[in-house]
Structures are given as structure tokens and as C-alpha cells.
Amino acid sequence: MNNLWAWPEPERRRQRRRIGHVLFPAAFLLFLVRAVIDGYSGPYPGWVGLTVVVVVVLYSVTYMAALLYGLCSSALVRVLYVALATLFPVALGVLLNAGDLTYLTFAIVVALILLPPGFGLAYGLGGTTAMLVATAAETGRPDFDAGVIMLVLTISIFTARGFFRKSDELELARDEIRTLAVAEERARVARDLHDVLGHSLTTITLKAGLARRIMERSPDVERALAEVHDVERLSRQALTEIRATVSGYRKMSLPAEIANAKAALLAAGIDADLPQAVDDVPGELREPFGYVLREAVTNVIRHSGASRCEIRLGESWIEVVDNGRGVSTGGDQDGNGLAGLRERLAKVDGRLKAAERGEKGGFVVRADVTT
């Protein structure tokens with residue numbers, strides 16, 4: 001209902017479509033040629049025909065200017081367009097006969113396009129009434145044929161403008177959806193790259209450091225080579241996951257994340273207490289739980305200074321607990337990692353808790369999903 005009295009906004013259509021919407025109503029200006037013919041062929045003085053030509057030309061120019069530039073103008077200028085467009089058909093009615101008030105149809109088009117729909121409709125109905133009254137006063141009988149034409153034109157354009165507004169709103173909505181889709185995809189890629197690179201680079205750094213220490217302190221070349229081979233394998237795996245992340249085909253595996261967590265924790269010198277199986281976890285929860293496990297273990301390795309990490313797993317929950325220094329070292333308590341986990345869990349009606357363990361020391365990350 002509010003849209004009925006709202007000023008029309010400039011149309012956000014492609015230039016080609018905009019030109020088409022102007023040229024189509026402009027074609028009806030040919031009907032004004034009839035007024036020129038009447039001015040020269042009727043029983044009028046010679047100056048009337050010339051005056052009618054001037055009025056028709058000015059009317060056509062005003063009409064086209066209103067169609068081309070009216071919607072980009074202020075409310076006051078739009079009202080002036082309508083007022084000016086009203087003067088010309090009234091002048092034709094005075095110069096020729098009251099029936100020429102039918103040419104108010106062009107002014108009605110301008111009003112319906114530039115003014116709020118309710119005002120445009122009222123103007124059209126008022127113009128039709130004025131024409132009927134004027135013809136009745138001049139001839140003794142209202143020109144109902146012309147009145148029907150003006151009435152049908154008013155209602156048709158009023159309805160068409162409503163469809164055009166809805167079309168513009170739909171197009172704007174589609175543009176907004178496309179923009180949101182791009183933003184969501186960028187957020188997905190950023191979140192997944194954070195998950196992949198954070199964990200993988202942490203593990204690679206630990207493995208490389210362990211291999212260096214082995215080579216520096218002992219002649220155990222075989223063990224050092226094994227760690228280097230692990231670094232190579234992890235690098236290839238990270239590269240594969242990055243490519244899959246960018247292309248959108250990356251799939252998290254909870255069993256694989258448990259195995260990776262074990263290797264990473266052992267490389268960091270942290271005792272790991274891990275679940276033996278994931279059979280009780282529903283399929284739709286294994287992916288978000290895998291992300292929780294990866295992020296939590298990465299933070300344990302990076303920030304906790306812990307000597308032990310316990311991972312517990314249930315049908316609708318996962319918990320990662322360490323015995324380190326809590327968040328005093330500046331861990332990712334409220335950073336991108338845990339924020340990304342909350343976004344993932346929200347999609348499966350889950351919630352994330354990340355807090356210090358109090359007197360027991362350490363940190364706990366727990367994800368619960370409502371079943």
C-alpha cells in the first residue's frame with residue numbers, strides 16, 4: 001500500500017531496454033498529426049493552424065523529455081513536467097474543440113510514469129472526467145467513446161507500471177543474491193584455506209624441525225629420512241586439499257583427521273588419547289566434527305604448551321581437552337579458526353564451547369549438535 005504513494009525510482013534497466021521503453025510510447029505521438037490536420041482543414045482562421053503546429057511540437061518535446069529525463073529529476077521538476085504537459089492538450093481543446101482534450105492521454109502517461117502511482121491514477125481519472133464534462137458542455141453529450149479510451153489507457157499504464165516495478169525489484173533481488181553468493185564463496189574459500197594451511201603447515205613445521213634435530217643430535221639417518229618423507233607427503237596432501245578447496249570439491253574425513261591428529265601430536269611431543277572408531281557418529285556430522293578436531297588440535301600444538309591431549313567422541317558431540325596453559329598464550333579463542341567452526345556447526349544446529357578448564361588447567365573445545 002505504501003508503494004501506491006511512493007515516488008518512482010529511476011529504472012535500473014540496461015540501456016537497450018530503457019530506449020525500447022521510451023520509443024514504444026513515443027510512437028503514439030503520430031496521433032498528434034490529427035490535431036494538425038484538424039487545425040488546417042477545419043473552419044478556423046489561418047493563425048490557428050500555425051499555433052496548433054507549435055503546440056503539437058512543444059507537446060511532443062515535453063513528452064519525450066519527460067520520458068527520457070523525468071525519472072532522474074526531483075519531485076518538483078516531475079510535477080512541472082506534468083503541469084506543462086497538461087497545458088498543451090488544454091490549449092488544443094481551446095483552439096479546436098473540447099473533444100481534443102482526448103490528447104490528455106499523453107499527459108496521463110507522463111503523470112503515471114513520473115508521479116507516485118496513486119497520484120498518477122487520480123490524474124488519469126480526473127483528466128477523463130474533465131474531458132467528459134467539457135464535451136458535454138460543448139455538444140450537450142459527453143464523448144463516452146473517447147472517455148473509455150482514456151480510462152482504459154489509464155488503468156493499463158497503471159497496471160503496467162506495477163509490473164515494471166516488480167520486475168525491477170526482482171532484478172535487484174537477483175543482483176543482491178549474486179553478490180551474496182560471491183561473498184559466501186569467498187568466505188568459504190578463506191575459511192577452508194585457513195583450516196587447511198593452519199593445520200598442514202603446523203604439522204609440516206613440526207616434522208621438519210624433528211628431522212633437523214635428529215640429524216643434528218644422532219646418526220639415525222633412517223628416522224630422519226622417515227620424517228622428511230612425512231614432510232613431503234604432508235606437503236603434497238596440503239597442495240591437493242588447497243586445489244580441492246578452491247574448486248569446491250574438498251571433503252573432510254573424520255577418520256583421516258584422527259590419524260593426522262595423532263601424527264601431529266606425537267611429532268610435537270604431546271601424548272595423544274584418541275578414539276579408536278567413529279562408527280557411532282552420523283555421516284552428516286563427521287565433516288563438521290573433522291573440522292573441529294583439526295582446528296582444536298592445531299591450537300593445542302601451537303599455543304597450549306600441553307604435554308597431553310585427550311579427544312572424546314560421541315554420537316552428537318566431540319571434545320578436545322589439553323593440560324596446557326589455557327588461553328594465556330594468545331590462542332585462537334575468538335579468531336578466524338573458532339569463528340569458522342561456529343559457522344560450520346550452525347549449519348547442522350550445533351554450538352561450540354571453548355573455555356579454560358579452571359583449576360584443572362588447560363583448555364577444552366567442545367562441539368554439541370542438537371539431535
# chains A, B, ... in the order shown; residues from 1 in each chain; ligands from 1

$ residues_around --residues "Ile155 of chain A" --least-positions-apart "2" --cutoff "12 Å" --atoms "only C-alpha atoms" --output "ChimeraX atom specification"
/A:105,108-109,112,117-118,120-125,128,148-153,157-162

$ residues_around --residues "Val48 of chain A" --least-positions-apart "6" --cutoff "10 Å" --atoms "only C-alpha atoms" --output "PyMOL selection string"
chain A and resi 36+38-40+42+54+92+95-96

$ write_last_selection --atoms "all heavy atoms" --output "mmCIF file, in the first residue's frame"
data_model
loop_
_atom_site.group_PDB
_atom_site.id
_atom_site.type_symbol
_atom_site.label_atom_id
_atom_site.label_comp_id
_atom_site.auth_asym_id
_atom_site.auth_seq_id
_atom_site.Cartn_x
_atom_site.Cartn_y
_atom_site.Cartn_z
ATOM 1 N N VAL A 36 -3.028 18.544 -36.066
ATOM 2 C CA VAL A 36 -2.524 19.486 -37.076
ATOM 3 C C VAL A 36 -3.456 19.508 -38.285
ATOM 4 O O VAL A 36 -3.785 20.582 -38.830
ATOM 5 C CB VAL A 36 -1.094 19.091 -37.496
ATOM 6 C CG1 VAL A 36 -0.597 19.999 -38.613
ATOM 7 C CG2 VAL A 36 -0.157 19.160 -36.291
ATOM 8 N N ASP A 38 -6.646 18.789 -38.331
ATOM 9 C CA ASP A 38 -7.876 19.482 -37.936
ATOM 10 C C ASP A 38 -7.676 20.999 -37.926
ATOM 11 O O ASP A 38 -8.582 21.771 -38.292
ATOM 12 C CB ASP A 38 -8.339 19.014 -36.555
ATOM 13 C CG ASP A 38 -8.839 17.570 -36.566
ATOM 14 O OD1 ASP A 38 -9.130 17.059 -37.668
ATOM 15 O OD2 ASP A 38 -8.912 16.967 -35.473
ATOM 16 N N GLY A 39 -6.490 21.453 -37.485
ATOM 17 C CA GLY A 39 -6.238 22.890 -37.414
ATOM 18 C C GLY A 39 -6.240 23.557 -38.767
ATOM 19 O O GLY A 39 -6.617 24.741 -38.887
ATOM 20 N N TYR A 40 -5.795 22.842 -39.797
ATOM 21 C CA TYR A 40 -5.730 23.430 -41.132
ATOM 22 C C TYR A 40 -6.974 23.132 -41.965
ATOM 23 O O TYR A 40 -7.290 23.873 -42.909
ATOM 24 C CB TYR A 40 -4.495 22.910 -41.873
ATOM 25 C CG TYR A 40 -3.227 23.623 -41.477
ATOM 26 C CD1 TYR A 40 -2.314 23.038 -40.607
ATOM 27 C CD2 TYR A 40 -2.949 24.899 -41.974
ATOM 28 C CE1 TYR A 40 -1.157 23.704 -40.241
ATOM 29 C CE2 TYR A 40 -1.793 25.569 -41.612
ATOM 30 C CZ TYR A 40 -0.892 24.963 -40.743
ATOM 31 O OH TYR A 40 0.251 25.625 -40.386
ATOM 32 N N GLY A 42 -10.190 22.548 -40.682
ATOM 33 C CA GLY A 42 -11.440 22.973 -40.061
ATOM 34 C C GLY A 42 -11.753 24.435 -40.348
ATOM 35 O O GLY A 42 -10.949 25.175 -40.943
ATOM 36 N N VAL A 54 2.743 24.618 -33.484
ATOM 37 C CA VAL A 54 3.682 24.974 -32.405
ATOM 38 C C VAL A 54 3.331 24.214 -31.131
ATOM 39 O O VAL A 54 4.215 23.668 -30.443
ATOM 40 C CB VAL A 54 3.660 26.496 -32.162
ATOM 41 C CG1 VAL A 54 4.506 26.843 -30.938
ATOM 42 C CG2 VAL A 54 4.170 27.240 -33.379
ATOM 43 N N LEU A 92 -5.049 22.862 -27.038
ATOM 44 C CA LEU A 92 -5.662 22.289 -28.233
ATOM 45 C C LEU A 92 -7.178 22.267 -28.113
ATOM 46 O O LEU A 92 -7.904 22.504 -29.094
ATOM 47 C CB LEU A 92 -5.125 20.865 -28.460
ATOM 48 C CG LEU A 92 -3.652 20.731 -28.872
ATOM 49 C CD1 LEU A 92 -3.250 19.260 -28.959
ATOM 50 C CD2 LEU A 92 -3.408 21.431 -30.204
ATOM 51 N N LEU A 95 -8.298 25.850 -28.758
ATOM 52 C CA LEU A 95 -8.113 26.279 -30.145
ATOM 53 C C LEU A 95 -9.057 25.556 -31.097
ATOM 54 O O LEU A 95 -9.558 26.161 -32.062
ATOM 55 C CB LEU A 95 -6.663 26.035 -30.576
ATOM 56 C CG LEU A 95 -5.596 26.929 -29.928
ATOM 57 C CD1 LEU A 95 -4.203 26.416 -30.263
ATOM 58 C CD2 LEU A 95 -5.754 28.380 -30.411
ATOM 59 N N LEU A 96 -9.299 24.273 -30.844
ATOM 60 C CA LEU A 96 -10.090 23.482 -31.773
ATOM 61 C C LEU A 96 -11.468 23.198 -31.184
ATOM 62 O O LEU A 96 -12.399 23.945 -31.377
ATOM 63 C CB LEU A 96 -9.338 22.188 -32.107
ATOM 64 C CG LEU A 96 -7.932 22.387 -32.729
ATOM 65 C CD1 LEU A 96 -7.243 21.049 -32.942
ATOM 66 C CD2 LEU A 96 -8.027 23.158 -34.032
#

$ residues_around --residues "segment 289-299 of chain A" --least-positions-apart "3" --cutoff "7 Å" --atoms "only C-alpha atoms" --output "PyMOL selection string"
chain A and resi 195+199+202+252-254+257+261+285-286+302-304+318+320+331-332+337+341+365

$ write_last_selection --atoms "all heavy atoms" --output "compact mmCIF listing (two decimals), in the first residue's frame"
# COMPACT_ATOMS: atom_id res chain seq x y z
N ASP A 195 41.70 -23.47 7.47
CA ASP A 195 41.71 -24.81 8.09
C ASP A 195 42.83 -25.67 7.52
O ASP A 195 43.53 -26.36 8.24
CB ASP A 195 40.36 -25.49 7.87
CG ASP A 195 39.24 -24.79 8.62
OD1 ASP A 195 39.55 -24.04 9.58
OD2 ASP A 195 38.07 -24.97 8.25
N HIS A 199 46.55 -26.17 9.86
CA HIS A 199 46.92 -27.49 10.37
C HIS A 199 48.11 -28.07 9.62
O HIS A 199 49.06 -28.57 10.24
CB HIS A 199 45.71 -28.43 10.24
CG HIS A 199 46.00 -29.82 10.69
ND1 HIS A 199 46.02 -30.20 12.02
CD2 HIS A 199 46.31 -30.95 9.99
CE1 HIS A 199 46.31 -31.47 12.13
NE2 HIS A 199 46.48 -31.96 10.91
N THR A 202 51.45 -26.30 10.29
CA THR A 202 51.89 -26.58 11.67
C THR A 202 52.54 -27.96 11.75
O THR A 202 53.63 -28.12 12.32
CB THR A 202 50.70 -26.51 12.63
OG1 THR A 202 50.17 -25.18 12.63
CG2 THR A 202 51.13 -26.88 14.05
N MET A 252 35.90 -33.41 3.91
CA MET A 252 36.58 -33.73 5.17
C MET A 252 36.28 -35.16 5.58
O MET A 252 35.16 -35.64 5.45
CB MET A 252 36.10 -32.75 6.25
CG MET A 252 36.57 -33.07 7.64
SD MET A 252 38.36 -32.95 7.83
CE MET A 252 38.59 -31.17 7.66
N SER A 253 37.33 -35.86 6.07
CA SER A 253 37.18 -37.23 6.55
C SER A 253 37.57 -37.26 8.03
O SER A 253 38.72 -36.97 8.38
CB SER A 253 38.07 -38.18 5.74
OG SER A 253 38.11 -39.46 6.35
N LEU A 254 36.61 -37.62 8.89
CA LEU A 254 36.88 -37.67 10.33
C LEU A 254 37.92 -38.73 10.67
O LEU A 254 38.84 -38.45 11.45
CB LEU A 254 35.58 -37.90 11.10
CG LEU A 254 35.70 -37.93 12.62
CD1 LEU A 254 36.33 -36.65 13.15
CD2 LEU A 254 34.32 -38.14 13.25
N GLU A 257 41.27 -37.36 9.82
CA GLU A 257 41.68 -36.30 10.72
C GLU A 257 42.17 -36.84 12.06
O GLU A 257 43.07 -36.28 12.68
CB GLU A 257 40.53 -35.31 10.94
CG GLU A 257 40.24 -34.42 9.75
CD GLU A 257 41.48 -33.67 9.29
OE1 GLU A 257 42.20 -33.11 10.14
OE2 GLU A 257 41.74 -33.68 8.08
N ALA A 261 45.77 -36.12 13.39
CA ALA A 261 45.94 -35.52 14.72
C ALA A 261 46.94 -36.32 15.55
O ALA A 261 47.77 -35.74 16.26
CB ALA A 261 44.59 -35.45 15.43
N LEU A 285 27.51 -35.55 10.47
CA LEU A 285 28.28 -34.84 11.49
C LEU A 285 29.78 -35.09 11.38
O LEU A 285 30.56 -34.42 12.05
CB LEU A 285 27.80 -35.23 12.89
CG LEU A 285 26.34 -34.90 13.24
CD1 LEU A 285 26.05 -35.27 14.68
CD2 LEU A 285 26.04 -33.44 12.99
N ARG A 286 30.16 -36.04 10.57
CA ARG A 286 31.59 -36.37 10.51
C ARG A 286 32.41 -35.24 9.91
O ARG A 286 33.54 -34.98 10.35
CB ARG A 286 31.78 -37.66 9.70
CG ARG A 286 31.19 -38.88 10.39
CD ARG A 286 31.50 -40.17 9.66
NE ARG A 286 30.87 -41.31 10.33
CZ ARG A 286 31.03 -42.57 9.96
NH1 ARG A 286 31.82 -42.86 8.92
NH2 ARG A 286 30.43 -43.54 10.63
N ARG A 302 50.04 -25.34 18.72
CA ARG A 302 50.62 -24.01 18.58
C ARG A 302 50.72 -23.24 19.89
O ARG A 302 51.71 -22.57 20.16
CB ARG A 302 49.77 -23.18 17.61
CG ARG A 302 49.97 -23.50 16.15
CD ARG A 302 49.06 -22.59 15.33
NE ARG A 302 49.28 -22.72 13.91
CZ ARG A 302 48.59 -22.06 12.98
NH1 ARG A 302 47.64 -21.23 13.37
NH2 ARG A 302 48.85 -22.22 11.70
N HIS A 303 49.68 -23.30 20.71
CA HIS A 303 49.54 -22.33 21.78
C HIS A 303 49.53 -22.89 23.19
O HIS A 303 49.77 -22.14 24.13
CB HIS A 303 48.24 -21.53 21.59
CG HIS A 303 48.07 -20.94 20.22
ND1 HIS A 303 48.96 -20.03 19.70
CD2 HIS A 303 47.12 -21.16 19.27
CE1 HIS A 303 48.56 -19.68 18.49
NE2 HIS A 303 47.45 -20.36 18.20
N SER A 304 49.21 -24.16 23.36
CA SER A 304 48.88 -24.62 24.72
C SER A 304 50.09 -24.91 25.60
O SER A 304 50.02 -24.76 26.81
CB SER A 304 48.00 -25.87 24.63
OG SER A 304 48.77 -26.98 24.18
N ILE A 318 31.78 -33.78 20.18
CA ILE A 318 33.22 -34.06 20.16
C ILE A 318 33.88 -33.08 21.11
O ILE A 318 33.47 -31.93 21.21
CB ILE A 318 33.81 -33.96 18.74
CG1 ILE A 318 35.31 -34.35 18.76
CG2 ILE A 318 33.63 -32.56 18.17
CD1 ILE A 318 35.93 -34.46 17.38
N VAL A 320 37.79 -31.84 22.74
CA VAL A 320 39.26 -31.86 22.72
C VAL A 320 39.75 -31.12 23.96
O VAL A 320 39.43 -29.94 24.14
CB VAL A 320 39.82 -31.21 21.44
CG1 VAL A 320 41.35 -31.24 21.46
CG2 VAL A 320 39.28 -31.91 20.19
N GLY A 331 46.03 -17.80 22.25
CA GLY A 331 45.49 -18.73 21.28
C GLY A 331 44.32 -18.15 20.53
O GLY A 331 43.84 -17.07 20.79
N ASP A 332 43.82 -18.96 19.62
CA ASP A 332 42.76 -18.52 18.71
C ASP A 332 41.40 -18.68 19.37
O ASP A 332 40.52 -19.34 18.89
CB ASP A 332 42.83 -19.35 17.42
CG ASP A 332 41.95 -18.77 16.33
OD1 ASP A 332 41.51 -17.62 16.49
OD2 ASP A 332 41.71 -19.46 15.34
N GLY A 337 39.73 -19.13 13.28
CA GLY A 337 39.54 -20.58 13.36
C GLY A 337 38.25 -20.97 14.06
O GLY A 337 37.40 -21.66 13.49
N LEU A 341 34.54 -22.38 12.80
CA LEU A 341 33.90 -23.60 13.33
C LEU A 341 32.46 -23.31 13.74
O LEU A 341 31.56 -24.13 13.50
CB LEU A 341 34.69 -24.12 14.53
CG LEU A 341 36.07 -24.70 14.24
CD1 LEU A 341 36.69 -25.23 15.53
CD2 LEU A 341 36.01 -25.80 13.20
N VAL A 365 37.75 -27.62 24.10
CA VAL A 365 36.92 -27.23 22.96
C VAL A 365 35.89 -28.34 22.78
O VAL A 365 36.26 -29.51 22.59
CB VAL A 365 37.76 -27.06 21.67
CG1 VAL A 365 36.84 -26.81 20.48
CG2 VAL A 365 38.75 -25.93 21.83

$ select_by_dssp --residues "segment 72-321 of chain A" --states "alpha helix (DSSP H)" --output "MDAnalysis selection string"
chainID A and resid 75:95 104:114 117:139 144:217 221:247 254:267 283:299

$ atom_distance --atom1 "atom CA of Thr135 of chain A" --atom2 "atom CA of Ala83 of chain A"
21.5 Å

$ residues_around --residues "segment 73-82 of chain A" --least-positions-apart "5" --cutoff "9 Å" --atoms "only C-alpha atoms" --output "PyMOL selection string"
chain A and resi 7+10+62-63+65-66+87+107-108+110-111+114-115

$ closest_residue --among "A:Trp317, A:Glu9, A:Arg178, A:Gly361" --to "Val348 of chain A" --atoms "only C-alpha atoms"
A:Trp317

$ atom_distance --atom1 "atom CA of Leu132 of chain A" --atom2 "atom CA of Thr102 of chain A"
9.4 Å
